[in-house]
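Data from protein.json: JSON, C-alpha atoms
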```json
[["chain", "number", "residue", "atom", "x", "y", "z"],
["A", 1, "MET", "CA", 11.50, -8.02, -56.61],
["A", 2, "PRO", "CA", 10.12, -6.56, -53.34],
["A", 3, "LYS", "CA", 10.97, -3.00, -52.33],
["A", 4, "CYS", "CA", 11.21, -1.36, -48.90],
["A", 5, "PRO", "CA", 8.16, 0.91, -48.40],
["A", 6, "LYS", "CA", 10.26, 3.50, -46.51],
["A", 7, "CYS", "CA", 13.37, 3.93, -48.67],
["A", 8, "GLY", "CA", 12.62, 1.99, -51.88],
["A", 9, "ALA", "CA", 15.64, -0.35, -51.60],
["A", 10, "GLU", "CA", 15.20, -3.66, -53.42],
["A", 11, "VAL", "CA", 15.53, -6.88, -51.41],
["A", 12, "ALA", "CA", 16.63, -10.02, -53.29],
["A", 13, "THR", "CA", 15.99, -12.92, -50.90],
["A", 14, "PRO", "CA", 13.50, -13.42, -48.07],
["A", 15, "THR", "CA", 14.64, -13.74, -44.44],
["A", 16, "LYS", "CA", 11.99, -16.40, -43.79],
["A", 17, "GLN", "CA", 9.68, -18.26, -46.18],
["A", 18, "TRP", "CA", 6.82, -20.71, -45.64],
["A", 19, "THR", "CA", 3.79, -22.18, -47.41],
["A", 20, "LEU", "CA", 0.24, -21.52, -46.27],
["A", 21, "ALA", "CA", -2.29, -24.08, -47.52],
["A", 22, "PRO", "CA", -5.91, -23.49, -46.43],
["A", 23, "LYS", "CA", -8.22, -26.51, -46.68],
["A", 24, "GLY", "CA", -9.54, -26.96, -50.20],
["A", 25, "ARG", "CA", -7.49, -24.12, -51.65],
["A", 26, "LYS", "CA", -4.28, -23.72, -53.58],
["A", 27, "PRO", "CA", -1.15, -23.30, -51.38],
["A", 28, "VAL", "CA", 0.40, -19.82, -51.19],
["A", 29, "THR", "CA", 4.06, -19.06, -50.42],
["A", 30, "ILE", "CA", 4.65, -16.22, -47.93],
["A", 31, "GLY", "CA", 8.01, -14.56, -47.31],
["A", 32, "LEU", "CA", 9.39, -12.00, -44.85],
["A", 33, "PHE", "CA", 11.93, -9.54, -46.19],
["A", 34, "LYS", "CA", 14.32, -7.29, -44.25],
["A", 35, "CYS", "CA", 15.51, -3.96, -45.65],
["A", 36, "PRO", "CA", 19.30, -3.88, -46.19],
["A", 37, "ASN", "CA", 19.30, -0.26, -44.89],
["A", 38, "GLY", "CA", 17.89, -1.26, -41.48],
["A", 39, "HIS", "CA", 14.25, -0.20, -41.93]]
```
Translate the structure described by the file into structure tokens.
Amino acid sequence: MPKCPKCGAEVATPTKQWTLAPKGRKPVTIGLFKCPNGH
């Protein structure tokens, strides 16, 4: 589970998520997370 680098709060679900698939490579899922404490 990702943690906020400033306060250490754990974030359960991503705000936004997408798949990045470069040509000839395995697709990678990327997610943006927002700290529940406003950081």
(Q) From (19.9, -0.4, -46.8), in the file's coordinates, out to 10 Å: which residues are reached, counting all atoms listed in the file? Answer as a ChimeraX atom specification. (A) /A:4,7-11,34-39
Q: Report the distance between atom CA of Pro5 of chain A and atom CA of Phe33 of chain A in Å, rounded to one decimal place.
A: 11.3 Å
Q.
Rounded to one decimal, what separation in Å do you get between atom CA of Pro22 of chain A and atom CA of Lys3 of chain A?
A.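 About the pair atom CA of Pro22 of chain A and atom CA of Lys3 of chain A: they are 27.2 Å apart.
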Residues near Gly31 of chain A, cut-off 8 Å, only C-alpha atoms, skip fewer than 4 positions along chain, as a PDB file with C-alpha atoms, in the frame of the given file:
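And here is the file that came out, around-v6.pdb:
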```pdb
ATOM      1  CA  PRO A  14      13.500 -13.420 -48.070  1.00  0.00           C
ATOM      2  CA  THR A  15      14.640 -13.740 -44.440  1.00  0.00           C
ATOM      3  CA  LYS A  16      11.990 -16.400 -43.790  1.00  0.00           C
ATOM      4  CA  GLN A  17       9.680 -18.260 -46.180  1.00  0.00           C
ATOM      5  CA  TRP A  18       6.820 -20.710 -45.640  1.00  0.00           C
TER       6      TRP A  18
END
```
